[in-house]
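This report concerns only the one structure given below.
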Amino acid sequence: MQQYIIGNWKMNGTKAEAQKLATGFLSRIQKANRPLPHIVLCPSYPYLVPVIEILKDSPIEVGGQDAHFEKSGAFTGDVSVTQLADVGCKYVIVGHSERRHYHQESSSIIRKKIEASMKLGLRPILCIGESIEERKAGKALNVVASQLISDLPDSFTPHDLLIAYEPLWAIGSGHVPTLEEVEEIMGLMKHELSARISGSALVPTLYGGSVNAQNAPDLLALPHVDGLLVGGVSLKLDEFWEVINASQR
Ligand code: PEP
């Protein structure tokens with residue numbers, strides 16, 4: 001499977017900076033002389049349209065960082081999956097730990113967001129992962145398995161969505177699980193998925209949390225890692241380009 005490298009810009013930058021980054025990636029893509037992975041950039045809402053404009057004729061896709069599951073209505077401050085699709089987004093991050101933590105997002109809301117996105121052909125990137133306390137208590141595998149059960153809809157195909165394993169303690173911390181720990185969780189995810197729906201081991205499973213140019217090659221070489229979800233480093237043109245170039249398939 002062709003790997004996925006997804007950049008989550010979070011609440012960073014200005015319009016000019018977003019445009020500069022998008023233009024920078026576009027020119028690297030145009031000069032690339034090797035097969036590239038799927039590349040998805042997720043800017044803040046106000047910069048989606050300017051970034052989509054720059055990337056419209058390129059293979060780089062754009063995604064939202066979150067979305068409301070209702071089509072429209074009295075939800076001040078929210079943006080719907082329908083609106084994201086309308087402006088040309090192809091992906092949306094759902095259930096990021098920062099949304100779960102700061103906005104108290106529950107599994108039932110996350111599941112509705114996934115269902116609403118899938119209906120529109122917008123591919124959700126579901127984020128799951130354990131806390132440091134859960135990891136220390138030896139519960140990481142159980143937590144991830146139960147998040148898969150509670151967050152995923154009853155039916156989906158491998159093309160409908162992506163799942164990112166993002167241990168909470170690895171996000172923005174500089175701490176990364178060992179390669180064995182990553183592979184153990186990713187293997188479990190594939191196993192749980194295929195036990196649930198036949199063929200769903202083909203759902204792309206990504207790793208996220210303090211990815212950088214140094215650790216990306218080893219992470220991307222793991223058999224069950226179908227890509228990376230990258231936060232901080234996705235705002236650095238040169239280093240993110242190195243991560244993209246570390247893709248193996
Ligand atoms: C993230 O927040 O999804 C993330 C992976 O962040 P970082 O790469 O900065 O750890």
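Residue names in the structure tokens use chain letters A, B, ... in the order shown, residue numbers from 1 in each chain, and ligand numbers from 1 in the order shown.
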
Find the residues of range 75-190 of chain A that sit at most 10 Å from range 222-244 of chain A; for each, write down the nearest two atoms and how far apart they are in Å, to one decimal. Count only C-alpha atoms. Sort by chain, then by number going up, and give it as a Markdown table.
```
| residue | atom | partner | partner_atom | distance |
| --- | --- | --- | --- | --- |
| A:Ile93 | CA | A:Leu229 | CA | 9.9 |
| A:Ile125 | CA | A:Leu229 | CA | 9.3 |
| A:Cys127 | CA | A:Leu229 | CA | 9.3 |
| A:Leu162 | CA | A:Asp226 | CA | 9.4 |
| A:Ile163 | CA | A:Asp226 | CA | 9.7 |
| A:Ala164 | CA | A:Leu229 | CA | 6.9 |
| A:Tyr165 | CA | A:Leu229 | CA | 8.8 |
| A:Glu166 | CA | A:Leu229 | CA | 8.3 |
| A:Ile171 | CA | A:Gly231 | CA | 8.0 |
| A:Gly172 | CA | A:Gly232 | CA | 7.0 |
| A:Leu179 | CA | A:Leu222 | CA | 7.7 |
| A:Glu180 | CA | A:Leu222 | CA | 9.1 |
| A:Val182 | CA | A:Val225 | CA | 8.4 |
| A:Glu183 | CA | A:His224 | CA | 6.4 |
| A:Glu184 | CA | A:His224 | CA | 9.0 |
| A:Ile185 | CA | A:His224 | CA | 9.2 |
| A:Met186 | CA | A:His224 | CA | 5.7 |
| A:Gly187 | CA | A:His224 | CA | 6.2 |
| A:Leu188 | CA | A:His224 | CA | 9.6 |
| A:Met189 | CA | A:His224 | CA | 9.1 |
| A:Lys190 | CA | A:His224 | CA | 7.8 |
```

Got a sec: who's within 10 Å of Pro217 in chain A, counting only C-alpha atoms, leaving out chain neighbours fewer than 3 positions off, as a PyMOL selection string? chain A and resi 211-214+220-222+242-248

One residue among A:Ala18, A:Leu26, A:Val62, A:Cys42 is nearest to ligand 1 when using only C-alpha atoms and all ligand atoms, and that residue is A:Cys42

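Nearest to ligand 1 of all the residues A:Leu219, A:Val144, A:Leu120, A:Ile6 is A:Ile6, based on only C-alpha atoms and all ligand atoms.
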
Considering only C-alpha atoms, return as a PyMOL selection string whatever protein or nucleic-acid residues lie within 9 Å of Gln83 in chain A, sequence-local ones (same chain, fewer than 5 positions apart) excluded. chain A and resi 67+71-72+88-89

Among range 120-169 of chain A, which ones does DSSP assign to strand (DSSP E) (computed from the backbone)? Answer as number ranges by chain. A: 123-128, 162-165

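Restricting the calculation to only C-alpha atoms, the smallest distance between Lys119 in chain A and any of A:Pro153, A:Gly13, A:Gly138, A:Pro59 is found for A:Pro153.
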
When DSSP is applied to the backbone of this structure, which of range 91-166 of chain A are assigned alpha helix (DSSP H)? Write them out as number ranges by chain. A: 97-102, 107-119, 132-136, 140-151

Output for the residues just chosen: N, CA, C and O atoms as a short mmCIF file (atom, residue, chain, number, x, y, z; two decimals), in the first residue's frame:
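Heads up, here's the output in out04.cif:
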```
data_model
loop_
_atom_site.label_atom_id
_atom_site.label_comp_id
_atom_site.auth_asym_id
_atom_site.auth_seq_id
_atom_site.Cartn_x
_atom_site.Cartn_y
_atom_site.Cartn_z
N SER A 97 -6.43 13.78 20.17
CA SER A 97 -6.45 13.82 21.64
C SER A 97 -6.64 15.24 22.16
O SER A 97 -7.19 15.44 23.24
N GLU A 98 -6.21 16.25 21.37
CA GLU A 98 -6.43 17.63 21.83
C GLU A 98 -7.92 17.99 21.77
O GLU A 98 -8.41 18.75 22.59
N ARG A 99 -8.65 17.43 20.83
CA ARG A 99 -10.11 17.64 20.78
C ARG A 99 -10.77 16.87 21.92
O ARG A 99 -11.69 17.37 22.58
N ARG A 100 -10.32 15.65 22.16
CA ARG A 100 -10.93 14.85 23.24
C ARG A 100 -10.69 15.57 24.57
O ARG A 100 -11.57 15.62 25.43
N HIS A 101 -9.49 16.12 24.75
CA HIS A 101 -9.13 16.72 26.02
C HIS A 101 -9.76 18.11 26.21
O HIS A 101 -10.44 18.36 27.20
N TYR A 102 -9.53 19.01 25.25
CA TYR A 102 -9.99 20.40 25.44
C TYR A 102 -11.47 20.59 25.12
O TYR A 102 -12.06 21.58 25.50
N SER A 107 -16.67 9.27 22.54
CA SER A 107 -16.66 8.31 21.44
C SER A 107 -17.92 8.41 20.60
O SER A 107 -17.88 8.21 19.38
N SER A 108 -19.07 8.70 21.23
CA SER A 108 -20.30 8.73 20.43
C SER A 108 -20.28 9.92 19.46
O SER A 108 -20.75 9.81 18.32
N ILE A 109 -19.69 11.02 19.87
CA ILE A 109 -19.57 12.18 18.96
C ILE A 109 -18.57 11.85 17.85
O ILE A 109 -18.81 12.13 16.66
N ILE A 110 -17.48 11.23 18.24
CA ILE A 110 -16.44 10.89 17.25
C ILE A 110 -17.00 9.94 16.19
O ILE A 110 -16.80 10.11 14.99
N ARG A 111 -17.77 8.99 16.65
CA ARG A 111 -18.38 8.03 15.72
C ARG A 111 -19.33 8.75 14.75
O ARG A 111 -19.34 8.47 13.54
N LYS A 112 -20.10 9.71 15.27
CA LYS A 112 -21.01 10.46 14.38
C LYS A 112 -20.22 11.26 13.35
O LYS A 112 -20.63 11.40 12.20
N LYS A 113 -19.09 11.81 13.78
CA LYS A 113 -18.27 12.59 12.84
C LYS A 113 -17.72 11.67 11.74
O LYS A 113 -17.67 12.06 10.57
N ILE A 114 -17.33 10.48 12.15
CA ILE A 114 -16.80 9.53 11.16
C ILE A 114 -17.90 9.15 10.16
O ILE A 114 -17.69 9.16 8.95
N GLU A 115 -19.08 8.85 10.68
CA GLU A 115 -20.19 8.45 9.80
C GLU A 115 -20.55 9.58 8.85
O GLU A 115 -20.75 9.35 7.65
N ALA A 116 -20.64 10.81 9.38
CA ALA A 116 -21.02 11.95 8.53
C ALA A 116 -19.96 12.19 7.46
O ALA A 116 -20.29 12.48 6.30
N SER A 117 -18.69 12.05 7.81
CA SER A 117 -17.61 12.27 6.82
C SER A 117 -17.67 11.21 5.74
O SER A 117 -17.59 11.52 4.54
N MET A 118 -17.83 9.95 6.16
CA MET A 118 -17.84 8.86 5.18
C MET A 118 -18.97 9.03 4.17
O MET A 118 -18.80 8.74 2.99
N LYS A 119 -20.11 9.51 4.66
CA LYS A 119 -21.26 9.70 3.75
C LYS A 119 -20.93 10.65 2.62
O LYS A 119 -21.47 10.56 1.52
N ILE A 132 -0.04 8.21 29.38
CA ILE A 132 1.17 7.66 29.99
C ILE A 132 0.82 6.74 31.17
O ILE A 132 1.44 5.71 31.38
N GLU A 133 -0.23 7.12 31.91
CA GLU A 133 -0.64 6.28 33.05
C GLU A 133 -1.10 4.91 32.55
O GLU A 133 -0.78 3.88 33.13
N GLU A 134 -1.87 4.93 31.46
CA GLU A 134 -2.36 3.66 30.90
C GLU A 134 -1.19 2.81 30.38
O GLU A 134 -1.16 1.60 30.57
N ARG A 135 -0.22 3.47 29.76
CA ARG A 135 0.94 2.71 29.25
C ARG A 135 1.71 2.09 30.42
O ARG A 135 2.05 0.91 30.39
N LYS A 136 1.92 2.91 31.47
CA LYS A 136 2.70 2.39 32.62
C LYS A 136 1.97 1.25 33.32
O LYS A 136 2.59 0.36 33.89
N ALA A 140 -1.97 -0.36 27.48
CA ALA A 140 -2.00 0.30 26.17
C ALA A 140 -2.79 -0.50 25.13
O ALA A 140 -3.64 0.04 24.42
N LEU A 141 -2.54 -1.82 25.07
CA LEU A 141 -3.21 -2.62 24.05
C LEU A 141 -4.72 -2.64 24.26
O LEU A 141 -5.51 -2.51 23.32
N ASN A 142 -5.12 -2.76 25.55
CA ASN A 142 -6.56 -2.78 25.85
C ASN A 142 -7.23 -1.47 25.51
O ASN A 142 -8.35 -1.44 25.00
N VAL A 143 -6.54 -0.36 25.83
CA VAL A 143 -7.13 0.96 25.56
C VAL A 143 -7.34 1.14 24.06
O VAL A 143 -8.42 1.56 23.61
N VAL A 144 -6.33 0.80 23.29
CA VAL A 144 -6.44 0.98 21.84
C VAL A 144 -7.53 0.07 21.27
O VAL A 144 -8.36 0.51 20.46
N ALA A 145 -7.57 -1.17 21.74
CA ALA A 145 -8.60 -2.09 21.24
C ALA A 145 -9.99 -1.57 21.59
O ALA A 145 -10.91 -1.60 20.76
N SER A 146 -10.16 -1.02 22.81
CA SER A 146 -11.52 -0.58 23.15
C SER A 146 -11.87 0.73 22.45
O SER A 146 -13.03 0.96 22.12
N GLN A 147 -10.87 1.57 22.15
CA GLN A 147 -11.19 2.77 21.37
C GLN A 147 -11.64 2.38 19.95
O GLN A 147 -12.54 3.01 19.39
N LEU A 148 -11.03 1.36 19.41
CA LEU A 148 -11.46 0.91 18.06
C LEU A 148 -12.92 0.49 18.10
O LEU A 148 -13.69 0.78 17.18
N ILE A 149 -13.29 -0.20 19.18
CA ILE A 149 -14.68 -0.67 19.28
C ILE A 149 -15.63 0.51 19.48
O ILE A 149 -16.66 0.63 18.82
N SER A 150 -15.26 1.44 20.37
CA SER A 150 -16.22 2.50 20.70
C SER A 150 -16.27 3.61 19.64
O SER A 150 -17.31 4.24 19.47
N ASP A 151 -15.19 3.84 18.92
CA ASP A 151 -15.17 5.01 18.01
C ASP A 151 -15.59 4.69 16.58
O ASP A 151 -16.08 5.56 15.87
#
```

Measuring atom to atom with only C-alpha atoms, identify which of A:Ala170, A:Ala201, A:Glu130, A:Pro37 is nearest to Glu61 in chain A.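 For Glu61 in chain A, the nearest of the given residues is A:Pro37.
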
Quick one: residues within 9 Å of Lys90 in chain A, only C-alpha atoms, excluding same-chain residues fewer than 2 positions away - as a list in words?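 Within the cut-off, the hits are Val40, Glu61, Val62, Gly63, Gly64, Leu84, Ala85, Gly88, Val92, Gly121, Leu122, Arg123 and Pro124 of chain A.
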
Gln65 in chain A: which residues within 9 Å, counting only C-alpha atoms, same-chain residues fewer than 5 positions away excluded, as a list in words? Asn8, Trp9, Lys10, Cys42, Pro43, Ser44, Tyr45, Tyr91, Val92, Ile93, Val94 and His96 of chain A

Can you spit out the residues from that selection as an mmCIF file, in the first residue's frame, using N, CA, C and O atoms?
```cif
data_model
loop_
_atom_site.group_PDB
_atom_site.id
_atom_site.type_symbol
_atom_site.label_atom_id
_atom_site.label_comp_id
_atom_site.auth_asym_id
_atom_site.auth_seq_id
_atom_site.Cartn_x
_atom_site.Cartn_y
_atom_site.Cartn_z
ATOM 1 N N ASN A 8 -0.373 17.876 10.269
ATOM 2 C CA ASN A 8 -1.394 18.568 11.068
ATOM 3 C C ASN A 8 -0.775 19.878 11.554
ATOM 4 O O ASN A 8 0.047 19.876 12.466
ATOM 5 N N TRP A 9 -1.163 20.974 10.919
ATOM 6 C CA TRP A 9 -0.553 22.276 11.247
ATOM 7 C C TRP A 9 -1.110 22.856 12.546
ATOM 8 O O TRP A 9 -0.633 23.864 13.022
ATOM 9 N N LYS A 10 -2.154 22.246 13.060
ATOM 10 C CA LYS A 10 -2.810 22.730 14.295
ATOM 11 C C LYS A 10 -3.135 24.229 14.176
ATOM 12 O O LYS A 10 -3.331 24.722 13.080
ATOM 13 N N CYS A 42 -3.113 19.608 6.605
ATOM 14 C CA CYS A 42 -4.310 20.019 7.351
ATOM 15 C C CYS A 42 -4.069 21.362 8.036
ATOM 16 O O CYS A 42 -3.626 21.423 9.192
ATOM 17 N N PRO A 43 -4.344 22.460 7.307
ATOM 18 C CA PRO A 43 -4.184 23.787 7.904
ATOM 19 C C PRO A 43 -5.391 24.148 8.768
ATOM 20 O O PRO A 43 -6.395 23.442 8.769
ATOM 21 N N SER A 44 -5.304 25.280 9.480
ATOM 22 C CA SER A 44 -6.461 25.788 10.231
ATOM 23 C C SER A 44 -7.565 26.181 9.257
ATOM 24 O O SER A 44 -7.291 26.514 8.105
ATOM 25 N N TYR A 45 -8.802 26.226 9.748
ATOM 26 C CA TYR A 45 -9.954 26.528 8.871
ATOM 27 C C TYR A 45 -9.760 27.743 7.949
ATOM 28 O O TYR A 45 -10.035 27.660 6.765
ATOM 29 N N TYR A 91 -10.014 14.980 3.299
ATOM 30 C CA TYR A 91 -9.779 14.263 4.557
ATOM 31 C C TYR A 91 -10.224 15.132 5.720
ATOM 32 O O TYR A 91 -10.358 16.358 5.586
ATOM 33 N N VAL A 92 -10.422 14.494 6.871
ATOM 34 C CA VAL A 92 -10.650 15.267 8.097
ATOM 35 C C VAL A 92 -10.118 14.456 9.290
ATOM 36 O O VAL A 92 -10.360 13.256 9.388
ATOM 37 N N ILE A 93 -9.347 15.134 10.142
ATOM 38 C CA ILE A 93 -8.857 14.482 11.365
ATOM 39 C C ILE A 93 -10.023 14.432 12.353
ATOM 40 O O ILE A 93 -10.742 15.427 12.522
ATOM 41 N N VAL A 94 -10.216 13.283 12.975
ATOM 42 C CA VAL A 94 -11.330 13.111 13.917
ATOM 43 C C VAL A 94 -10.810 12.479 15.209
ATOM 44 O O VAL A 94 -10.023 11.525 15.165
ATOM 45 N N HIS A 96 -8.834 13.711 17.526
ATOM 46 C CA HIS A 96 -7.469 14.017 17.983
ATOM 47 C C HIS A 96 -7.492 14.188 19.497
ATOM 48 O O HIS A 96 -8.461 14.695 20.057
#
```

Between CA of Ile128 in chain A and CA of Gly95 in chain A - distance in Å to one decimal: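 Separation between CA of Gly95 in chain A and CA of Ile128 in chain A: 7.2 Å.
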
Arg249 in chain A environment, 7 Å, only C-alpha atoms, sequence neighbours closer than 5 positions dropped, as number ranges by chain: A: 1-3, 37

Same residues, N, CA, C and O atoms, saved as a short mmCIF file (atom, residue, chain, number, x, y, z; two decimals), in the first residue's frame:
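Result file selection-v2.cif:
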```cif
data_model
loop_
_atom_site.label_atom_id
_atom_site.label_comp_id
_atom_site.auth_asym_id
_atom_site.auth_seq_id
_atom_site.Cartn_x
_atom_site.Cartn_y
_atom_site.Cartn_z
N MET A 1 0.85 -1.20 0.00
CA MET A 1 0.00 0.00 0.00
C MET A 1 0.89 1.25 0.00
O MET A 1 1.87 1.32 0.74
N GLN A 2 0.52 2.21 -0.84
CA GLN A 2 1.24 3.49 -0.86
C GLN A 2 1.08 4.16 0.51
O GLN A 2 -0.03 4.19 1.04
N GLN A 3 2.17 4.63 1.10
CA GLN A 3 2.07 5.19 2.45
C GLN A 3 1.45 6.60 2.44
O GLN A 3 1.34 7.23 1.38
N PRO A 37 4.64 9.27 -1.48
CA PRO A 37 3.46 8.74 -0.77
C PRO A 37 2.27 9.67 -0.99
O PRO A 37 2.41 10.72 -1.60
#
```
